[in-house]
Every structure is written in C-alpha cells, then in structure tokens.
Amino acid sequence: MGFRAVIITVSDRGARGEREDLSGPEIARMLAGVGMEIAGRRIVPDEKELIRRALLEGSDVEDADLIVTTGGTGVSPRDVTPEATREVIEKEIPGMAEAMRHQSSSLTPHAMLSRAVAGIRGRTLIINLPGSPKGARENLGVLLPALPHAIEKIRGDQRECAS
C-alpha cells in the first residue's frame with residue numbers, strides 16, 4: 001500500500017500506565033499487514049484538547065496519510081474523541097462510520113451506541129474506532145478494502161473511479 005499511518009489510543013487509564021494498550025497494537029498489526037508504515041503510536045487521556053492536538057500533530061506535522069484513533073467513541077461522560085475529531089476535520093465521510101456501525105450491529109446491539117466519525121483534514125484521512133481490540137479489529141476490517149482508494153483520492157489522484 002505504501003501509506004503512512006499514525007495510531008492514537010484514547011484512554012485515561014492507558015495514559016496513566018494503569019492499563020495495557022491492546023487495541024493500538026492490533027490496529028498496527030492489521031495496517032502493517034496491508035503494507036502501511038506505522039509512522040507513530042501514542043496514548044492520550046480522554047481530554048478533548050489533548051486528542052485534538054494529537055490529531056493535528058499526526059496530520060500537520062507528521063504528514064500521515066491515515067490517522068486511526070481507538071477509544072472514546074461511546075456514550076460515557078469522558079468519551080469525547082468524536083468531538084475532538086470534528087474540530088479538526090474539514091470534510092466528514094459519514095459512509096465510513098455508517099459502514100462500521102452497520103457491520104457491527106450484526107454482531108452486537110451495543111454498536112448502535114458508537115458515535116465514531118471519519119473525515120479528512122488536509123491530505124489525511126482520520127478514522128475513529130472503538131476502544132476494545134475486538135471492536136477495533138471488526139470495524140477496521142470493514143474499512144480496509146476502501147482505504148487505498150480513499151487515501152489516493154484524498155492525496156489528489158485524478159484517475160477515474162472504476163464502477
């Protein structure tokens with residue numbers, strides 16, 4: 001694939017070192033498995049400004065093709081990843097979030113509680129995934145086939161889209 005990815009785990013306990021990050025490594029494994037370079041991984045607490053800064057750094061400083069967040073997409077009071085993401089993206093891609101929720105709904109009724117978003121900042125695709133390794137794996141699996149085409153188009157590919 002030849003693209004660069006940054007993975008941001010959003011977890012208060014993970015940021016304090018009280019919980020091992022299992023989702024970040026799982027996402028890294030899946031992305032590396034399709035040829036993506038993992039350009040960075042970090043853990044931030046469930047603080048909107050810190051999430052926002054991590055997204056801006058990955059997009060504007062590290063020039064990532066893809067930023068994947070894991071965690072903070074539910075309905076708990078501290079779940080603010082979608083809000084932070086919406087503050088930095090310029091275009092939302094609702095179909096990606098809809099596809100993840102649709103697929104996950106066949107596996108668990110809890111999927112309807114996901115508030116994950118996907119969108120574009122500059123030349124970077126940003127996707128929110130659930131915080132559990134299983135949820136992150138299932139949701140990313142839905143999107144993997146579309147990622148190369150999406151990133152190529154975001155990066156300015158002028159070729160016609162095949163039907």
# chains A, B, ... in the order shown; residues from 1 in each chain; ligands from 1
>>> select_by_dssp(residues="segment 1-162 of chain A", states="alpha helix (DSSP H)", output="PyMOL selection string")
chain A and resi 12-15+23-33+48-56+81-88+94-105+133-143+147-154
>>> residues_around(residues="segment 76-86 of chain A", least_positions_apart="5", cutoff="7 Å", atoms="only C-alpha atoms", output="list of chain:residue names")
A:Asp46, A:Lys48, A:Ile51, A:Arg52, A:Arg115, A:Ala116, A:Val117
>>> closest_residue(among="A:Asp65, A:Glu49, A:Glu20, A:Glu57", to="Ile154 of chain A", atoms="only C-alpha atoms")
A:Asp65
>>> residues_around(residues="segment 132-137 of chain A", least_positions_apart="2", cutoff="8 Å", atoms="only C-alpha atoms", output="PyMOL selection string")
chain A and resi 22-24+26-27+30+70-71+104+129-130+139-141
>>> residues_around(residues="Ala111 of chain A", least_positions_apart="5", cutoff="10 Å", atoms="only C-alpha atoms", output="compact mmCIF listing (two decimals) with C-alpha atoms, in the first residue's frame")
# COMPACT_ATOMS: atom_id res chain seq x y z
CA GLY A 74 -19.14 5.70 23.18
CA MET A 100 -18.72 0.29 10.63
CA ARG A 101 -21.92 0.63 12.65
CA HIS A 102 -23.90 -1.42 10.14
CA GLN A 103 -21.45 -4.32 10.21
CA SER A 104 -21.00 -4.18 13.99
CA SER A 105 -24.76 -4.09 14.59
CA SER A 106 -24.99 -7.61 13.24
CA PRO A 130 -13.89 1.60 19.28
CA GLY A 135 -14.35 -3.79 18.18
>>> select_by_dssp(residues="segment 44-116 of chain A", states="strand (DSSP E or B)", output="PyMOL selection string")
chain A and resi 44+66-70+91-92
>>> write_last_selection(atoms="C-alpha atoms", output="compact mmCIF listing (two decimals), in the first residue's frame")
# COMPACT_ATOMS: atom_id res chain seq x y z
CA VAL A 44 -3.54 10.21 25.24
CA LEU A 66 -4.11 7.93 7.81
CA ILE A 67 -4.76 8.57 11.49
CA VAL A 68 -6.71 5.94 13.37
CA THR A 69 -7.96 6.63 16.87
CA THR A 70 -9.13 3.90 19.19
CA LYS A 91 -14.86 17.13 5.48
CA GLU A 92 -16.76 14.32 7.16
>>> atom_distance(atom1="atom CA of Leu125 of chain A", atom2="atom CA of Ala150 of chain A")
7.9 Å
>>> closest_residue(among="A:Arg53, A:Val6, A:Leu107, A:Leu113", to="Val88 of chain A", atoms="only C-alpha atoms")
A:Arg53
>>> closest_residue(among="A:Ala15, A:Val61, A:Val75, A:Ile8", to="Ala28 of chain A", atoms="only C-alpha atoms")
A:Ile8
>>> residues_around(residues="Ile89 of chain A", least_positions_apart="4", cutoff="7 Å", atoms="only C-alpha atoms", output="ChimeraX atom specification")
/A:85,119-121
